[in-house]
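Reviewing the structure listed below.
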Amino acid sequence: MKFPALFGRIAFSTLAALIGAAFALPLLWFLFAPFNARAELGLAIPDPFTLSNFNTVFGNGFAMQALWNSLIQAVGGVILVGAAATLAAYALSRSSIPGKGAVTYILLLFSSVVSGSAAMVPIFLIISAAGLMDTHLAVILTFAGGLLPTAMFILRDFIDSIPKSYEESAMVAGASPVQAFFDVALPVIRPGIVVIVVWSFVNIWGSFLIPFILLRSSANMPAAVAIYSFYSEAGTPVVTLLAAYSLIYSLPVVALYLFVSWRFGFRFFGGIKA
Amino acid sequence: MASVAFSKVTKSFGEFKAVSDVSFDIGDGEFVCLLGPSGCGKTTSLRMIAGLETPTSGQVMIGGEDVTHFHPKDRNIAMVFQDYALYPHMNLADNIAYPLKVRGEAVSKRHARAKEVADVLKIGHLLDRLPSQISGGQQQRTSLARALVYPAQVYLFDEPLSNLDAKLRLEARGFLNHLQRDMGMTAVYVTHDQAEAMALATRIAVMDQGRIVQYASPIEIYRRPATTFVANFVGNPPMNLVEVEATKDDGKLQLKADGLTIAALPMTDAIGTALAAGSKLTLGIRPEHLDVAGAGAPNTITAPLFANENMGPESLVTIDRGEGARVTARIFTDDHIALGETVTLGFAADHVHLFDSAGKRIPEING
């Protein structure tokens with residue numbers, strides 16, 4: 001290697017390492033601070049290594065209740081989005097409804113407007129008029145409305161790529177359309193549904209604005225909102241608790257990813273090689 | 001087993017008529033091939049028998065019963081798909097036994113039956129594999145096993161061999177022929193491969209542009225093709241077609257074309273009718289009825305040599321009459337034939353086919 005080329009490589013590697021470090025620092029803080037009893041906003045290696053922050057968090061009833069609330073809202077939303085998107089996408093893919101392509105695109109277009117913060121006032125009014133204010137159901141329904149069009153769009157594409165002959169062969173063999181769907185189509189679509197489930201779980205689990213607006217009582221607040229409660233009376237954040245709680249808060253999402261990739265594997269094409 | 005009948009069946013997709021006004025009968029125990037190029041309506045016809053498409057008008061009958069609007073599951077049929085449609089999440093045993101599962105058979109009973117059929121098809125040792133873990137030929141046999149696992153009224157095949165390589169295809173074709181002899185099943189078989197149709201069918205329906213052009217036994221279709229389309233579709237290589245100018249001369253029929261010498265043919269009423277409609281006829285000669293001619297042969301066609309392909313037991317000699325009009329002779333010899341720049345091919349008068357200016361066969365030329 002000639003000198004200028006070598007120099008270029010060293011310069012490039014150094015620059016890449018610096019950029020990498022800039023991104024790694026917050027993550028390192030995120031991993032170290034929860035175990036440091038005197039954690040501050042600066043990065044420091046815990047000395048001594050302690051679980052006292054977690055003790056405090058686990059003793060905080062409101063924080064624990066909030067994690068449970070997050071779980072209720074996320075699981076509820078995921079079930080609703082998963083089930084509705086699967087049935088809707090299957091119908092849109094397999095039936096010959098005129099203009100079904102346009103329907104999906106219009107829904108998709110509106111959903112990006114609807115679930116945005118611009119629609120918060122109308123959503124607030126609708127939920128209020130429906131008498132659902134301050135309920136888990138309000139949060140679940142709002143998320144389902146916002147996530148469904150995109151979920152349907154992704155799943156419809158997925159189902160379109162699966163040959164119709166699967167269900168056709170089942171029906172010719174004597175299966176009713178319902179049997180053909182549950183015995184043959186659903187297992188083949190499953191990888192697509194898994195993608196939708198993970199995606200909507202992450203979306204609901206991490207969302208702040210919608211539950212913040214639609215929920216009143218602290219007993220119903222999810223974790224994303226609860227993090228806001230770790231402030232001292234003077235208004236400064238309690239960094240130690242914040243760090244520990246954040247770590248706990250992020251674990252379900254990581255666990256879900258690991259579980260899904262172990263159990264199903266992320267893949268995006270159905271069927272077998274023809 | 002049961003008979004199948006189409007009565008004035010039409011199927012339109014928007015403006016496009018995939019099948020137009022088709023009627024035919026398939027007898028109990030017959031093996032009928034629907035043969036034609038892609039887009040001729042053969043697969044649509046098959047799917048209407050299966051109930052996967054509903055005719056725009058007309059009736060479909062199975063076993064004398066009008067099933068036009070029956071759901072596929074209520075027709076008691078079995079079908080083998082071109083892509084096999086094996087369920088990727090089920091092992092072979094469950095794939096093969098699926099029709100029995102939806103018929104409410106107990107697990108032990110249906111697996112025993114699946115094993116029985118799989119053994120006949122020599123895939124009995126693969127029953128706990130997934131479809132993705134077996135070869136294409138084995139997948140094909142699995143889909144066949146799934147069709148044979150229960151007694152159906154009619155067996156439908158949608159180009160079942162087209163995804164196999166040439167050797168496996170011959171093997172599977174022989175097996176299907178054997179199966180048909182063994183079971184005497186009523187079968188409808190869609191293919192674009194004329195050799196498959198010739199080998200398997202008791203009758204062939206040649207389709208073109210949504211209509212049946214000829215519906216007859218393979219031998220009849222080979223010997224007496226109804227139109228130039230059928231003549232050009234059946235046979236390997238297909239029949240040579242030479243456009244000729246016909247004139248009536250001294251009570252005999254004279255045919256003229258570049259490089260063609262042919263003895264005058266006796267006039268018949270049918271030829272007279274054909275001539276009245278136009279003097280441009282088409283002369284047809286099958287490649288296997290042509291040979292390299294000696295001097296003074298009465299019926300010959302001469303043109304520059306285009307290709308000389310030795311295939312082992314036979315040679316394909318092609319001459320080029322210009323503008324892509326080629327004539328191929330299939331000469332049965334395992335020797336390489338030495339040929340000059342220009343080749344003269346000869347044929348016997350009783351192997352000649354004649355078609356009128358609209359491409360329809362003129363009957364009674366040679367019976």
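Ordering of the structure tokens sets the chain letters (A, B, ...); residue numbers start at 1 within each chain; ligands are numbered from 1 in the order shown.
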As a CSV table (one decimal) with N, CA and C atoms, in the first residue's frame, please: the residues near Val80 of chain B (cut-off 7 Å, only C-alpha atoms, same-chain neighbours under 5 positions excluded).
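Generated file (around01.csv):
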chain,number,residue,atom,x,y,z
B,143,SER,N,-48.0,-33.6,-4.8
B,143,SER,CA,-49.3,-33.0,-5.2
B,143,SER,C,-50.2,-34.0,-5.9
B,144,LEU,N,-49.6,-34.9,-6.6
B,144,LEU,CA,-50.4,-36.0,-7.2
B,144,LEU,C,-51.0,-36.9,-6.1
B,147,ALA,N,-54.0,-35.5,-4.6
B,147,ALA,CA,-55.2,-35.5,-5.4
B,147,ALA,C,-55.8,-37.0,-5.4
B,156,LEU,N,-58.5,-33.2,-12.2
B,156,LEU,CA,-58.1,-32.1,-13.0
B,156,LEU,C,-56.6,-31.9,-12.9
B,157,PHE,N,-56.0,-31.6,-14.0
B,157,PHE,CA,-54.6,-31.4,-14.1
B,157,PHE,C,-54.3,-30.1,-14.8
B,158,ASP,N,-53.6,-29.2,-14.1
B,158,ASP,CA,-53.3,-27.9,-14.8
B,158,ASP,C,-51.8,-27.9,-15.0
B,160,PRO,N,-49.4,-30.1,-15.0
B,160,PRO,CA,-48.7,-30.6,-13.8
B,160,PRO,C,-47.2,-30.9,-14.1
* Spatial neighbours of Leu87 of chain A, max dist 10 Å, only C-alpha atoms, sep filter under 5 positions, as a PyMOL selection string -> chain A and resi 82+92-93+152+155-156+181+186
* Which residues of chain A are close to chain B, meaning at most 12 Å apart when you count only C-alpha atoms, and how do they look as an MDAnalysis selection string? -> chainID A and resid 96 162:180 182:191 269:274
* Looking at only C-alpha atoms, which of A:Val253, A:Ala83, A:Ile123, A:Ala244 is the one that sits closest to Phe30 of chain A? ->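 Looking only at the distances to Phe30 of chain A, the closest residue turns out to be A:Ala244.
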* Would you work out the distance separating atom CA of Lys17 of chain B from atom CA of Gly36 of chain B, expressed in Å to one decimal? =>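 Interatomic distance, atom CA of Lys17 of chain B to atom CA of Gly36 of chain B: 15.8 Å.
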* segment 178-189 of chain B surroundings by only C-alpha atoms, 8 Å radius, close-in-sequence under 6 positions cut, as a VMD selection string -> chain B and resid 1 to 3 26 to 34 46 153 to 159
